[in-house]
Protein chains: 2
Amino acid sequence: MNAGTTPVVDGLQCGPYDREVFRQLRAGGVVCATATVAFWEDAVETMDALAAWHDLAEDNADLVLLARDGADIERARAEGRTAIVLGAQNATPLQGRLGFVRHFHAMGLRVMQLTYNNNNELGGSCYETRDPGLTRFGREVVAEMNAAGLLVDLSHSGERTRRDAIEHSAVPVAVTHANPRSLYDHPRNVEDATLKALAARDGILGLATYRAISGRYAGSLDEWCAMVARTVELMGVRHVAIGTDLSPKAGAAEFAWMRKGRWTRGEQRGADLTPPHPPADGPGAEAATAAATTTTSTENGTRTATATAPTADDTTEWLADASGLARVAARLTERFGFTAAEAAAVVGGNWLRLYSTAFRPRSVS
Amino acid sequence: MNAGTTPVVDGLQCGPYDREVFRQLRAGGVVCATATVAFWEDAVETMDALAAWHDLAEDNADLVLLARDGADIERARAEGRTAIVLGAQNATPLQGRLGFVRHFHAMGLRVMQLTYNNNNELGGSCYETRDPGLTRFGREVVAEMNAAGLLVDLSHSGERTRRDAIEHSAVPVAVTHANPRSLYDHPRNVEDATLKALAARDGILGLATYRAISGRYAGSLDEWCAMVARTVELMGVRHVAIGTDLSPKAGAAEFAWMRKGRWTRGEQRGADLTPPHPPADGPGAEAATAAATTTTSTENGTRTATATAPTADDTTEWLADASGLARVAARLTERFGFTAAEAAAVVGGNWLRLYSTAFRPRSVS
């Protein structure tokens, strides 16, 4: 990373990781990235994933470290390494236990999404027909996450659950990887009223880069920066950040796990679902859109859905991997009227501020 | 606790715990006690037990705290509370995963016995006919425990496994609750040669108080102090401590779980096994001896074995609960020739020294 590069924080990525990916992070000026350790994994499976990360980080200690707090991230930046924050995209690691929130914080987890692609015991998913909102257990978990020092992530949650959690949380929350629904109409994206409520509680939206939920805004760096600028107009520059959902090394097995978990044997609904109005009743919407528009940086399995080898068209043009993130700050200042400080906030500073707050335990046991 | 009471550390107890038990600990001058959270429990079950301890300790914060290091124990002593150290009497929480050693340390576990009443993937139990010694995985786990900051406990292990682990561990280890076999011949007790090897590596034997493995030494405080004195002659005063195995509130369900786990539906061998030469092929030996001699302070289920209500004879006469431990130091100095410093080392100081060393992580991840 060049000394002059603006520090980048990517609020959501998926694996698998290896030294090449770590080098891409360095090339992208990424001082911190949150990596997904669980989609449908239960407690023991998530502990396996955390243990694997301990080994991977030790084996690549010249490039990365596992971050437990803001000081670790600052240390990584000072040492020219990338701080990896470990996050879960589901509450399955808890196995219904409130007490496991502190256990997973102790084991290093720092971010947890309340729901993934299905309604669960905490609340509703964006892909279900009806979102019942944050449940009683969900409220208990949010309060416990506030106390333990885990960031509440509402990315795949339904709008009602999002609004309930924004209101209920004593600490600012995040939608780590999604876009405004007013810019691209997709069930994974977030309604303007929710985004304003999120900003009012000092929360953050991490803008995603993959085409399935970005549409034309995934087409070029300029298009994506235009989405950043419009979202900043909507929420304020303090509340917009990056959450790429990049997974450059994921293959068919990883995408199948994300899409199907253990809850369905069915094919994803797939290619009959087309934007701008994909149905809100299944996670196939994302994969379907991705299949139609060919991008690798989707969370829901382009390659599996299309069942073809990647091609040149199979990438988000400007962001095949994290190295492309190094260009964002300069483009925002050069063509979109951002000051250097504003661009720095969006590409990294906003996440650093929220992480430093949200990862701090508020009670001891 | 009287200000003048010599601080006591009990290296091994079993539950269940409640405020009455915590008050008994205070009355006994017990500044620190290691409580068992797992006998046969798997990872998730042990996490449930740890979470329950978090809640119990918070609900009784005027009497106890959960100790993670020597500083926490010192704080408990200064504040007139009892520091609870959390320990496992089996490696079942690991579920065969080396990486879970650090996870359980992160969640607060500080002591782990390599084997309980059966041979396992780490090594041999004292109750099996053949002890194959510390396995390759057992060696990995011992090294990982050294690095993470978990005390290696060899109480229910076979003699070969004990000797292997004493030799292999880079940090002093313990037999937290057993007696010298030369004083009372029982498979749970430890051969003199092993005790000398343990002392040579600066390890500790915690002397148990329950009759099943103590025989006449459980009969009175004087008898038990005589066992202390003889063990000190054998190992040196720096290497002898207390490990009562007290479980004053345990009932039939707890004892059945300890004795049978999920590995047998059978009755314990029971009453046909009599000291001084109980067979070395089954955990029934302890319960059987206990049944014959009626004590409640056994780990292996007196009440279940006898299936009778407790009676006045059903207790170790001098130690119905932990409050009786307050008398040990004075008796050692008054009748057994210990200096005050020697008595203080045996009743508490030796454990404090070992805990401060063994609970300290030696690598970071």
# chains A, B, ... in the order shown; residues from 1 in each chain; ligands from 1

$ select_by_dssp --residues "segment 44-284 of chain B" --states "alpha helix (DSSP H)" --output "ChimeraX atom specification"
/B:44-59,70-79,100-106,136-148,159-168,192-200,221-235,252-260,284

$ residues_around --residues "Ile242 of chain A" --least-positions-apart "4" --cutoff "8 Å" --atoms "only C-alpha atoms" --output "list in words"
Val9, Asp10, Gly11, Leu12, Thr176, His177, Leu205, Gly206, Leu207, Ala208, Val346, Val347 and Gly348 of chain A

$ interface_residues --of "chain A" --to "chain B" --cutoff "9 Å" --atoms "only C-alpha atoms" --output "list in words"
Ala43, Val44, Met47, Asp48, Leu50, Ala51, Ala52, His54, Asp55, Ala57, Glu58, Leu65, Leu66, Gln95, Arg97, Leu98, Gly99, Phe100, Arg102, His103, Phe104, His105, Ala106, Met107, Gly108 and Ser365 of chain A

$ residues_around --residues "segment 168-170 of chain B" --least-positions-apart "3" --cutoff "8 Å" --atoms "only C-alpha atoms" --output "CSV table (one decimal) with N, CA, C and O atoms, in the first residue's frame"
chain,number,residue,atom,x,y,z
B,139,ARG,N,-0.6,-35.0,23.5
B,139,ARG,CA,0.6,-34.1,23.5
B,139,ARG,C,0.3,-32.8,22.9
B,139,ARG,O,0.7,-31.7,23.4
B,142,VAL,N,-1.8,-30.8,25.5
B,142,VAL,CA,-1.1,-30.3,26.6
B,142,VAL,C,-0.3,-29.1,26.2
B,142,VAL,O,-0.2,-28.1,26.9
B,143,ALA,N,0.4,-29.1,25.0
B,143,ALA,CA,1.1,-28.0,24.5
B,143,ALA,C,0.2,-26.8,24.3
B,143,ALA,O,0.6,-25.6,24.6
B,146,ASN,N,-0.7,-25.3,27.7
B,146,ASN,CA,0.4,-24.5,28.1
B,146,ASN,C,0.4,-23.1,27.5
B,146,ASN,O,0.6,-22.1,28.2
B,164,ASP,N,3.6,-39.3,31.5
B,164,ASP,CA,3.8,-38.7,30.2
B,164,ASP,C,3.5,-37.2,30.2
B,164,ASP,O,4.3,-36.4,29.7
B,165,ALA,N,2.4,-36.9,30.8
B,165,ALA,CA,2.0,-35.5,30.8
B,165,ALA,C,2.9,-34.6,31.7
B,165,ALA,O,3.2,-33.5,31.3
B,173,VAL,N,2.2,-29.0,36.3
B,173,VAL,CA,0.9,-29.6,36.2
B,173,VAL,C,0.4,-30.0,37.6
B,173,VAL,O,1.1,-29.8,38.6
